[in-house]
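One file, work.txt, carrying compact mmCIF, C-alpha atoms and all ligand atoms:
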# COMPACT_ATOMS: atom_id res chain seq x y z
CA MET A 1 -54.96 52.08 113.73
CA SER A 2 -53.75 55.57 112.81
CA GLN A 3 -54.24 56.72 109.25
CA ARG A 4 -51.26 56.09 106.99
CA ILE A 5 -49.63 59.01 105.17
CA SER A 6 -48.41 58.33 101.64
CA GLY A 7 -45.44 59.88 99.85
CA VAL A 8 -46.02 62.80 97.47
CA LYS A 9 -47.30 61.73 94.04
CA GLY A 10 -44.50 61.45 91.49
CA MET A 11 -41.74 61.45 94.11
CA ASN A 12 -40.11 58.05 94.55
CA ASP A 13 -38.49 56.38 97.52
CA LEU A 14 -35.16 54.84 96.56
CA LEU A 15 -34.71 51.74 98.65
CA PRO A 16 -32.44 48.69 98.73
CA PRO A 17 -31.80 46.65 96.65
CA ASP A 18 -32.54 49.13 93.79
CA ILE A 19 -30.22 51.72 95.32
CA SER A 20 -27.20 49.56 94.33
CA VAL A 21 -27.87 50.44 90.70
CA TRP A 22 -27.86 54.15 91.62
CA HIS A 23 -24.58 53.74 93.49
CA ALA A 24 -23.00 51.97 90.51
CA LEU A 25 -24.06 54.79 88.18
CA GLU A 26 -23.00 57.54 90.59
CA SER A 27 -19.57 56.07 91.21
CA ALA A 28 -18.96 55.48 87.49
CA ALA A 29 -20.03 59.09 86.87
CA ARG A 30 -17.71 60.48 89.54
CA GLU A 31 -14.81 58.46 88.13
CA THR A 32 -15.56 59.54 84.54
CA PHE A 33 -15.89 63.22 85.49
CA GLU A 34 -12.56 63.05 87.31
CA ARG A 35 -10.92 61.39 84.31
CA PHE A 36 -12.10 64.31 82.15
CA GLY A 37 -11.01 66.96 84.69
CA TYR A 38 -14.47 68.16 85.79
CA ASP A 39 -14.97 69.37 89.40
CA GLU A 40 -18.11 68.90 91.44
CA ALA A 41 -20.36 71.87 92.29
CA ARG A 42 -23.38 71.76 94.62
CA THR A 43 -26.09 74.39 94.68
CA PRO A 44 -29.34 74.65 96.69
CA VAL A 45 -32.58 73.07 95.48
CA LEU A 46 -34.41 76.40 95.97
CA GLU A 47 -33.74 79.50 93.89
CA ASP A 48 -35.34 82.86 93.21
CA THR A 49 -38.17 82.14 90.72
CA ALA A 50 -36.89 84.90 88.41
CA LEU A 51 -33.72 82.87 87.76
CA PHE A 52 -35.66 80.16 85.92
CA VAL A 53 -38.06 82.58 84.24
CA ARG A 54 -35.12 84.50 82.75
CA SER A 55 -33.02 81.48 81.75
CA VAL A 56 -35.26 78.51 80.93
CA GLY A 57 -37.81 80.94 79.44
CA GLU A 58 -41.30 82.15 80.28
CA ALA A 59 -42.94 80.46 77.28
CA THR A 60 -41.51 76.99 78.03
CA ASP A 61 -43.63 74.21 79.56
CA ILE A 62 -41.09 73.94 82.38
CA VAL A 63 -41.60 77.52 83.58
CA GLY A 64 -45.17 78.02 82.38
CA LYS A 65 -46.69 74.81 83.73
CA GLU A 66 -44.31 72.66 85.71
CA MET A 67 -42.52 74.66 88.41
CA TYR A 68 -43.14 74.22 92.13
CA THR A 69 -43.33 77.90 93.04
CA PHE A 70 -44.31 79.38 96.39
CA ALA A 71 -43.81 82.46 98.54
CA ASP A 72 -41.55 82.01 101.58
CA LYS A 73 -42.36 83.55 104.98
CA ALA A 74 -40.88 86.87 103.85
CA GLY A 75 -43.01 86.87 100.70
CA ARG A 76 -40.16 86.11 98.24
CA SER A 77 -41.13 83.99 95.24
CA LEU A 78 -38.98 80.83 95.32
CA SER A 79 -39.02 77.77 93.07
CA LEU A 80 -37.74 74.24 93.48
CA ARG A 81 -35.15 73.92 90.73
CA PRO A 82 -36.60 72.27 87.61
CA GLU A 83 -33.07 71.83 86.20
CA GLY A 84 -29.47 72.54 87.20
CA THR A 85 -27.97 74.76 84.48
CA ALA A 86 -29.56 78.02 85.66
CA SER A 87 -28.41 77.45 89.25
CA LEU A 88 -24.86 76.68 88.19
CA VAL A 89 -24.68 79.79 86.01
CA ARG A 90 -26.04 81.82 88.92
CA ALA A 91 -23.29 80.44 91.18
CA TYR A 92 -20.64 80.95 88.46
CA VAL A 93 -21.63 84.61 88.15
CA GLU A 94 -22.19 85.23 91.88
CA HIS A 95 -18.74 83.91 92.83
CA ALA A 96 -17.00 85.72 89.93
CA VAL A 97 -15.43 82.43 88.84
CA ALA A 98 -14.64 83.77 85.37
CA GLN A 99 -12.13 86.20 86.92
CA ARG A 100 -10.15 83.37 88.49
CA GLU A 101 -9.92 80.94 85.58
CA PRO A 102 -10.56 81.20 81.83
CA VAL A 103 -12.10 77.73 81.54
CA THR A 104 -14.31 76.19 84.21
CA ARG A 105 -15.77 72.70 84.01
CA TRP A 106 -18.24 71.61 86.66
CA TRP A 107 -20.41 68.56 87.25
CA TYR A 108 -23.35 68.14 89.57
CA ALA A 109 -25.87 65.57 90.73
CA GLY A 110 -29.12 66.04 92.54
CA PRO A 111 -32.90 66.05 92.55
CA MET A 112 -34.89 68.31 90.19
CA PHE A 113 -38.60 69.07 90.40
CA ARG A 114 -41.19 69.41 87.63
CA TYR A 115 -44.93 69.10 88.03
CA GLU A 116 -45.33 66.80 85.04
CA ARG A 117 -47.96 64.28 84.06
CA MET A 118 -46.50 61.10 85.49
CA LYS A 119 -45.75 57.94 83.61
CA THR A 120 -42.90 55.46 83.33
CA GLY A 121 -39.62 57.38 83.52
CA ARG A 122 -41.37 60.71 84.11
CA TYR A 123 -41.56 61.86 87.71
CA ARG A 124 -42.13 65.04 89.71
CA GLN A 125 -38.90 64.61 91.63
CA PHE A 126 -36.24 63.11 89.42
CA TRP A 127 -32.45 63.09 89.51
CA GLN A 128 -30.00 64.55 87.08
CA LEU A 129 -26.28 64.14 86.60
CA GLY A 130 -25.05 67.20 84.78
CA ALA A 131 -21.92 68.77 83.34
CA GLU A 132 -21.38 72.40 82.37
CA ALA A 133 -18.28 73.92 80.74
CA TYR A 134 -17.71 77.69 80.64
CA GLY A 135 -15.22 79.65 78.56
CA VAL A 136 -14.79 77.64 75.35
CA SER A 137 -16.49 78.74 72.14
CA ALA A 138 -14.90 76.05 69.93
CA PRO A 139 -16.96 72.99 68.96
CA ALA A 140 -14.31 70.84 70.68
CA GLN A 141 -16.20 71.61 73.91
CA GLU A 142 -19.38 69.98 72.61
CA THR A 143 -17.28 67.06 71.35
CA GLU A 144 -15.63 66.59 74.75
CA LEU A 145 -18.98 66.65 76.56
CA ILE A 146 -20.64 64.20 74.17
CA ASP A 147 -17.58 61.94 74.45
CA LEU A 148 -17.84 62.15 78.26
CA ALA A 149 -21.48 61.00 78.22
CA VAL A 150 -20.73 58.19 75.79
CA GLN A 151 -17.77 57.01 77.93
CA LEU A 152 -20.00 57.08 81.02
CA PHE A 153 -22.66 54.95 79.28
CA ARG A 154 -19.92 52.51 78.31
CA ALA A 155 -18.45 52.44 81.84
CA VAL A 156 -21.77 51.14 83.25
CA GLY A 157 -22.35 48.77 80.33
CA LEU A 158 -25.21 50.66 78.68
CA GLU A 159 -25.31 50.07 74.95
CA GLY A 160 -27.69 51.28 72.29
CA ILE A 161 -27.96 54.92 73.40
CA ARG A 162 -28.17 57.10 70.29
CA VAL A 163 -26.89 60.65 69.89
CA GLU A 164 -29.06 63.18 68.03
CA LEU A 165 -27.74 66.58 67.05
CA ASN A 166 -29.13 69.84 65.79
CA SER A 167 -27.99 73.41 65.40
CA LEU A 168 -30.38 76.15 66.49
CA GLY A 169 -28.17 78.80 64.90
CA ASP A 170 -27.29 82.16 66.40
CA PRO A 171 -29.87 84.55 67.85
CA GLU A 172 -28.96 87.16 65.16
CA THR A 173 -29.85 84.84 62.30
CA ARG A 174 -32.61 82.94 64.05
CA GLY A 175 -35.03 85.80 63.35
CA VAL A 176 -35.02 85.02 59.61
CA TYR A 177 -35.78 81.36 60.28
CA LEU A 178 -38.49 82.22 62.81
CA GLU A 179 -40.22 84.43 60.21
CA SER A 180 -40.36 81.57 57.71
CA LEU A 181 -41.50 79.15 60.43
CA ARG A 182 -44.21 81.59 61.52
CA ALA A 183 -45.40 82.03 57.93
CA PHE A 184 -45.62 78.24 57.59
CA LEU A 185 -47.49 77.87 60.91
CA ARG A 186 -49.94 80.66 60.05
CA ALA A 187 -50.71 78.89 56.76
CA HIS A 188 -51.58 75.75 58.79
CA ARG A 189 -53.26 77.58 61.68
CA GLY A 190 -56.50 75.58 61.43
CA GLU A 191 -54.63 72.27 61.90
CA LEU A 192 -52.78 73.40 65.04
CA CYS A 193 -53.95 73.06 68.66
CA ALA A 194 -54.95 76.28 70.48
CA GLU A 195 -51.65 76.31 72.38
CA CYS A 196 -49.55 76.04 69.21
CA GLN A 197 -51.59 78.84 67.65
CA GLU A 198 -50.54 80.97 70.60
CA ARG A 199 -46.94 79.70 70.47
CA THR A 200 -46.79 80.70 66.77
CA GLU A 201 -46.91 84.36 67.80
CA LYS A 202 -45.20 84.20 71.24
CA ASN A 203 -42.25 81.79 70.79
CA ALA A 204 -42.62 79.88 67.51
CA LEU A 205 -39.74 77.43 68.13
CA ARG A 206 -41.70 75.98 71.07
CA VAL A 207 -44.29 74.44 68.69
CA PHE A 208 -41.77 71.62 68.24
CA ASP A 209 -42.26 70.69 71.93
CA CYS A 210 -45.98 69.96 71.33
CA LYS A 211 -46.94 66.30 71.89
CA ASN A 212 -50.26 66.64 69.98
CA PRO A 213 -50.18 64.18 67.00
CA GLY A 214 -52.06 66.67 64.78
CA CYS A 215 -49.42 69.37 65.37
CA GLN A 216 -46.61 66.82 64.94
CA ALA A 217 -48.06 65.85 61.55
CA VAL A 218 -48.07 69.51 60.44
CA LEU A 219 -44.50 70.02 61.64
CA VAL A 220 -43.15 67.28 59.36
CA GLY A 221 -43.44 69.81 56.54
CA ALA A 222 -42.03 72.78 58.49
CA PRO A 223 -38.89 74.56 57.25
CA ALA A 224 -35.71 73.08 58.79
CA ILE A 225 -33.61 75.32 61.00
CA THR A 226 -30.42 73.69 59.68
CA ASP A 227 -31.22 75.21 56.25
CA ALA A 228 -31.12 78.71 57.74
CA LEU A 229 -27.78 78.78 59.57
CA SER A 230 -25.25 81.61 59.26
CA ALA A 231 -21.89 80.67 57.70
CA GLU A 232 -20.25 80.67 61.17
CA ALA A 233 -22.95 78.52 62.78
CA ARG A 234 -22.83 76.12 59.84
CA ALA A 235 -19.02 75.79 60.07
CA HIS A 236 -19.29 75.23 63.83
CA PHE A 237 -21.88 72.48 63.30
CA GLU A 238 -19.84 70.82 60.57
CA THR A 239 -16.68 70.84 62.71
CA LEU A 240 -18.56 69.20 65.56
CA GLN A 241 -19.81 66.46 63.23
CA ARG A 242 -16.30 65.90 61.86
CA GLN A 243 -14.86 65.64 65.38
CA LEU A 244 -17.52 63.16 66.53
CA THR A 245 -16.71 61.03 63.49
CA LEU A 246 -13.02 61.27 64.39
CA LEU A 247 -13.86 59.92 67.87
CA ASP A 248 -15.99 57.11 66.39
CA ILE A 249 -19.17 58.43 68.00
CA PRO A 250 -22.19 57.72 65.78
CA PHE A 251 -24.86 60.46 65.61
CA ARG A 252 -27.90 61.53 63.61
CA VAL A 253 -28.81 65.11 62.68
CA ASN A 254 -32.43 65.86 63.59
CA PRO A 255 -33.47 69.37 62.46
CA ARG A 256 -36.74 69.11 64.44
CA MET A 257 -35.05 68.57 67.81
CA VAL A 258 -35.15 72.00 69.47
CA ARG A 259 -35.11 71.00 73.20
CA GLY A 260 -37.71 72.41 75.58
CA ILE A 261 -35.59 75.24 76.97
CA ASP A 262 -34.99 78.75 75.58
CA TYR A 263 -31.31 79.34 76.43
CA TYR A 264 -29.70 77.29 73.64
CA THR A 265 -27.60 78.80 70.87
CA ARG A 266 -26.07 76.77 68.04
CA THR A 267 -25.66 73.14 69.15
CA ALA A 268 -28.42 71.09 70.77
CA PHE A 269 -28.13 67.36 71.36
CA GLU A 270 -29.97 64.47 72.97
CA PHE A 271 -29.14 60.96 74.14
CA LEU A 272 -31.96 58.56 73.28
CA SER A 273 -32.82 54.95 74.03
CA GLU A 274 -35.49 52.85 72.34
CA ASP A 275 -35.59 50.36 75.22
CA PRO A 276 -39.26 49.55 76.01
CA VAL A 277 -38.63 49.82 79.80
CA LEU A 278 -38.64 53.60 79.31
CA GLY A 279 -42.10 53.70 77.72
CA THR A 280 -42.30 57.00 75.87
CA ALA A 281 -39.58 58.64 78.02
CA SER A 282 -36.86 57.86 75.48
CA ALA A 283 -34.55 60.82 76.22
CA VAL A 284 -31.97 59.76 78.79
CA GLY A 285 -30.17 63.08 78.49
CA GLY A 286 -29.90 66.31 76.62
CA GLY A 287 -27.95 69.50 76.40
CA GLY A 288 -26.34 72.04 74.18
CA ARG A 289 -24.52 75.33 73.88
CA TYR A 290 -25.83 78.43 75.64
CA ASP A 291 -23.41 81.25 74.84
CA ARG A 292 -25.77 84.06 75.95
CA LEU A 293 -26.88 82.89 79.36
CA VAL A 294 -23.92 83.89 81.55
CA LYS A 295 -24.16 87.47 80.27
CA GLU A 296 -27.96 87.52 80.50
CA LEU A 297 -27.68 86.56 84.16
CA GLY A 298 -25.31 89.45 84.88
CA GLY A 299 -21.92 87.84 84.24
CA PRO A 300 -19.21 88.50 81.65
CA ASP A 301 -19.71 87.45 78.04
CA THR A 302 -18.80 83.75 78.42
CA PRO A 303 -19.54 80.88 76.05
CA ALA A 304 -20.91 77.72 77.67
CA VAL A 305 -22.00 74.18 76.88
CA GLY A 306 -23.52 71.47 79.03
CA TRP A 307 -25.79 68.49 79.37
CA ALA A 308 -27.86 66.69 81.95
CA LEU A 309 -28.66 62.99 82.12
CA GLY A 310 -31.83 61.58 83.68
CA VAL A 311 -30.59 59.28 86.45
CA ASP A 312 -34.01 57.64 87.03
CA ARG A 313 -34.19 56.68 83.36
CA LEU A 314 -30.62 55.40 83.18
CA CYS A 315 -31.28 53.32 86.32
CA LEU A 316 -34.41 51.82 84.72
CA LEU A 317 -32.19 50.71 81.83
CA LEU A 318 -29.55 49.31 84.18
CA GLN A 319 -32.14 47.50 86.31
CA ALA A 320 -33.63 45.88 83.22
CA LYS A 321 -30.17 44.56 82.37
CA GLY A 322 -29.97 43.12 85.90
CA ALA A 323 -26.19 43.20 85.96
CA ILE A 324 -25.69 45.14 89.18
CA HIS A 325 -26.18 43.67 92.67
CA ALA A 326 -25.69 44.94 96.20
CA PRO A 327 -22.23 44.11 97.56
CA ARG A 328 -22.17 40.86 99.59
CA PRO A 329 -20.72 40.45 103.10
CA GLU A 330 -17.48 38.48 103.16
CA LEU A 331 -18.37 36.80 106.42
CA PHE A 332 -21.40 36.16 108.63
CA VAL A 333 -20.64 35.38 112.28
CA ALA A 334 -23.23 33.20 114.05
CA VAL A 335 -23.35 32.62 117.80
CA ALA A 336 -23.76 29.03 119.07
CA GLU A 337 -24.19 29.84 122.77
CA ASP A 338 -25.11 32.95 124.76
CA MET A 339 -21.64 33.16 126.31
CA ALA A 340 -20.20 33.76 122.78
CA ALA A 341 -22.49 36.74 122.04
CA ASP A 342 -20.14 39.46 123.39
CA PRO A 343 -16.95 37.90 121.92
CA ALA A 344 -18.79 37.66 118.55
CA LEU A 345 -19.72 41.34 118.76
CA ALA A 346 -16.08 42.22 119.49
CA LEU A 347 -14.81 39.98 116.68
CA VAL A 348 -17.18 41.51 114.12
CA SER A 349 -16.22 45.03 115.19
CA ARG A 350 -12.50 44.15 114.95
CA LEU A 351 -12.89 42.75 111.42
CA ARG A 352 -14.97 45.72 110.27
CA ARG A 353 -12.30 48.07 111.65
CA ALA A 354 -9.76 46.19 109.51
CA GLY A 355 -11.89 46.95 106.44
CA HIS A 356 -13.82 43.69 106.05
CA ARG A 357 -17.50 43.48 105.17
CA VAL A 358 -18.84 41.40 108.06
CA ASP A 359 -22.32 40.84 109.49
CA LEU A 360 -24.10 39.14 112.38
CA ASP A 361 -27.66 38.83 113.67
CA ALA A 362 -27.87 41.19 116.64
CA ARG A 363 -31.10 39.51 117.75
CA GLY A 364 -29.22 36.30 118.56
CA GLY A 365 -31.74 33.42 118.54
CA SER A 366 -31.30 29.82 117.44
CA LEU A 367 -28.28 28.84 115.37
CA LYS A 368 -30.66 27.64 112.64
CA SER A 369 -32.35 31.04 112.34
CA GLN A 370 -28.95 32.80 112.32
CA MET A 371 -27.75 30.52 109.51
CA LYS A 372 -30.92 31.32 107.56
CA ARG A 373 -30.11 34.99 107.94
CA ALA A 374 -26.51 34.27 106.82
CA ASP A 375 -27.82 32.63 103.62
CA LYS A 376 -30.18 35.55 102.99
CA SER A 377 -27.31 38.02 103.41
CA ARG A 378 -25.51 36.24 100.51
CA ALA A 379 -22.34 36.20 102.64
CA VAL A 380 -19.38 34.36 101.13
CA PHE A 381 -18.43 32.60 104.40
CA ALA A 382 -20.08 31.83 107.73
CA LEU A 383 -18.30 31.23 111.02
CA VAL A 384 -19.95 29.75 114.13
CA LEU A 385 -18.61 30.96 117.45
CA GLY A 386 -19.18 28.96 120.67
CA SER A 387 -17.27 27.92 123.79
CA ARG A 388 -15.28 25.33 121.81
CA GLU A 389 -14.00 27.89 119.28
CA LEU A 390 -13.29 30.47 121.96
CA GLY A 391 -11.40 27.84 123.98
CA SER A 392 -9.23 26.60 121.09
CA GLY A 393 -8.86 29.96 119.36
CA GLU A 394 -9.83 28.29 116.07
CA ALA A 395 -13.05 28.12 114.02
CA GLN A 396 -14.36 26.75 110.73
CA LEU A 397 -14.68 29.16 107.84
CA LYS A 398 -17.61 27.68 105.94
CA PRO A 399 -18.18 28.68 102.30
CA LEU A 400 -21.95 29.30 101.99
CA GLY A 401 -21.98 28.63 98.27
CA GLY A 402 -20.73 25.04 98.86
CA GLY A 403 -17.26 23.57 99.34
CA GLU A 404 -15.15 22.32 102.25
CA PRO A 405 -14.86 24.38 105.47
CA VAL A 406 -11.33 25.45 106.48
CA LEU A 407 -10.02 25.70 110.01
CA VAL A 408 -8.66 29.20 110.71
CA ARG A 409 -7.16 30.89 113.75
CA LEU A 410 -9.48 33.56 115.18
CA ASP A 411 -6.58 35.96 115.73
CA ALA A 412 -5.56 35.61 112.06
CA LEU A 413 -9.03 35.96 110.51
CA GLU A 414 -8.12 39.22 108.78
CA SER A 415 -5.41 37.57 106.69
CA ALA A 416 -7.56 34.46 106.10
CA LEU A 417 -10.34 36.63 104.69
CA ALA A 418 -7.96 38.83 102.69
CA ALA A 419 -6.41 35.73 101.08
CA ARG A 420 -9.87 34.58 99.95
CA ARG A 421 -11.12 37.88 98.46
P1 LIG A 501 -33.71 68.42 79.95
O1 LIG A 501 -33.73 67.80 78.60
O2 LIG A 501 -34.89 69.18 80.37
O3 LIG A 501 -32.40 69.32 80.02
O4 LIG A 501 -33.44 67.29 81.04
C1 LIG A 501 -32.34 66.42 80.91
C2 LIG A 501 -32.77 65.00 81.20
O5 LIG A 501 -33.41 64.91 82.48
C3 LIG A 501 -33.82 64.43 80.25
O6 LIG A 501 -33.22 63.96 79.05
C4 LIG A 501 -34.41 63.30 81.06
O7 LIG A 501 -33.60 62.13 80.97
C5 LIG A 501 -34.35 63.85 82.47
N1 LIG A 501 -35.68 64.33 82.87
C6 LIG A 501 -36.27 65.51 82.55
N2 LIG A 501 -37.50 65.59 83.09
C7 LIG A 501 -37.70 64.43 83.76
C8 LIG A 501 -38.78 63.90 84.54
N3 LIG A 501 -39.88 64.59 84.77
N4 LIG A 501 -38.64 62.66 85.08
C9 LIG A 501 -37.51 61.94 84.88
N5 LIG A 501 -36.46 62.40 84.17
C10 LIG A 501 -36.55 63.62 83.61
C11 LIG A 501 -32.02 70.05 81.09
O8 LIG A 501 -32.50 69.93 82.18
C12 LIG A 501 -30.86 70.97 80.82
N6 LIG A 501 -30.50 71.66 82.08
C13 LIG A 501 -29.67 70.22 80.24
C14 LIG A 501 -28.50 71.10 79.99
C15 LIG A 501 -27.41 71.24 80.76
N7 LIG A 501 -28.36 71.92 78.98
C16 LIG A 501 -27.21 72.57 79.08
N8 LIG A 501 -26.64 72.17 80.18
As structure tokens, please, write out the structure in this file.
Ligand code: HAM
Amino acid sequence: MSQRISGVKGMNDLLPPDISVWHALESAARETFERFGYDEARTPVLEDTALFVRSVGEATDIVGKEMYTFADKAGRSLSLRPEGTASLVRAYVEHAVAQREPVTRWWYAGPMFRYERMKTGRYRQFWQLGAEAYGVSAPAQETELIDLAVQLFRAVGLEGIRVELNSLGDPETRGVYLESLRAFLRAHRGELCAECQERTEKNALRVFDCKNPGCQAVLVGAPAITDALSAEARAHFETLQRQLTLLDIPFRVNPRMVRGIDYYTRTAFEFLSEDPVLGTASAVGGGGRYDRLVKELGGPDTPAVGWALGVDRLCLLLQAKGAIHAPRPELFVAVAEDMAADPALALVSRLRRAGHRVDLDARGGSLKSQMKRADKSRAVFALVLGSRELGSGEAQLKPLGGGEPVLVRLDALESALAARR
């Protein structure tokens, strides 16, 4: 036998029946985005490496350790996108969208790539559903986006997802906070891992991303960024909290949540679940405001806010609930004799053309094996077609879940099925 080739580590196949859960989430997301007035945008999975270095940040784990980067045949450095925000901003700037409309709200869905240590809910190819809004500096934009996520969770029946909020302040005032954080970290240098010692000098905020329990213990005593906000940033943060309360959206302020990406200004937020099916991968989404990024990537000075949800993680939650199943066929047509095989094929095609979900076993075979297949398909009704049925123009519509069969005319099957939907 030839040697089998396995899929790439950390990259999952999505197969039936699990895919039904993905479809349910994707269609609820599309409907929710439309209800909120967001339009879909699609960008390539490959981008110039510099795009992510300049936006996500050189000192982040994502850029420093996790990107799939390679040179193409012309020697350009390209990277598989580790996230969607940078690509969308690139497209927003490249197509001069700001000149056409003052406010732009986009959503996107697609695979992202990070070379991470794999465990439950953490993969090397994973899917995000994201939303980005450009042009609004008021906190109402954060409120709308958080409301959108919460309404989406509700639409698919996911309960118990918590919202955590923080404000990272403005870049002008962040310097003062970073000085006090650095002073604190230097005083605890001996208790920090080598990487955090380096982060202290290079990009001190990133120490909060460290998973090392020793560093986490030190950080409990670190100065809180929310104590060092400018008056404007504080007012912005307070308005957001007031608006979320107005919309009945519960939240918790967590001054140690800094997100693992450099582009955020002011608001940062995360959606968290304590469900054990996620293991330690409790964040089902995250986002925040990034008012500097559009300008830093060559566009006009444009405020922006967005989030991304982890589709794999949300689907793990939905699967554990077990509420979503693949759609069932309405009818399974079985063939009693060879002479009925072609008429059955024509009948099934006719019903499918009329919009019905109908199936048959193209292999033919014994009636018993076809009926087994009908049961397995979870079809609502079965219909056996033979010379008798073709001669009389009538057949029995047999409910597979039990109950009396009904005699129906073959030329009126469409209405018979529609009446029983
Ligand atoms: P992020 O927090 O890096 O943010 O990712 C968002 C979500 O993607 C996470 O909360 C998680 O659910 C999921 N995710 C991340 N990495 C993995 C992984 N390796 N395996 C499975 N799921 C994962 C961003 O990506 C930002 N672009 C969000 C944003 C949009 N900020 C502003 N706009």
Axis-aligned box over every listed atom of range 48-63 of chain A, padded by 8 Å per side: centre and edges in Å to one decimal, as JSON?
{"center_x": -38.3, "center_y": 79.4, "center_z": 85.2, "size_x": 26.6, "size_y": 27.0, "size_z": 31.9}
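Candidate residues A:Pro303, A:Pro405, A:Pro17, A:Pro327 were compared for distance to ligand LIG 501 (chain A), and the nearest is A:Pro303, using all atoms listed in the file.
Nearest-residue note for His236 in chain A: choosing from A:Ala140, A:Ala379, A:Val305, A:Ala133, the minimum distance belongs to A:Ala140, counting all atoms listed in the file.
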- With all atoms listed in the file as the basis for distance, which of A:Asp262, A:Glu26, A:Glu34, A:Asp170 is at the shortest distance from Ala86 in chain A?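 That would be A:Asp262, the residue with the smallest distance to Ala86 in chain A.
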- How many Å lie between CA of Glu330 in chain A and CA of Ser20 in chain A, rounded to one decimal?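 Here the two named atoms are 17.2 Å from each other.
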- Excluding same-chain residues fewer than 2 positions from range 195-212 of chain A, what lies within 9 Å of it counting all atoms listed in the file, as a PyMOL selection string? chain A and resi 59-61+178-179+181-182+185-186+189-190+192-193+214-217+219+256-262
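Nearest residue to ligand LIG 501 (chain A) among A:Pro329, A:Gly7, A:Gly288, A:Pro300 is A:Gly288, counting only C-alpha atoms and all ligand atoms.
One finds CA of Cys315 in chain A at 22.9 Å from CA of Arg378 in chain A.
In this comparison, which uses all atoms listed in the file, the residue of A:Ala354, A:Leu129, A:Val408, A:Ile249 approaching ligand LIG 501 (chain A) most closely is A:Leu129.
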- Closest to ligand LIG 501 (chain A) among A:Ser77, A:Gln128, A:Thr69, A:Ser387, using all atoms listed in the file?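 Among the listed residues, the smallest separation from ligand LIG 501 (chain A) belongs to A:Gln128.
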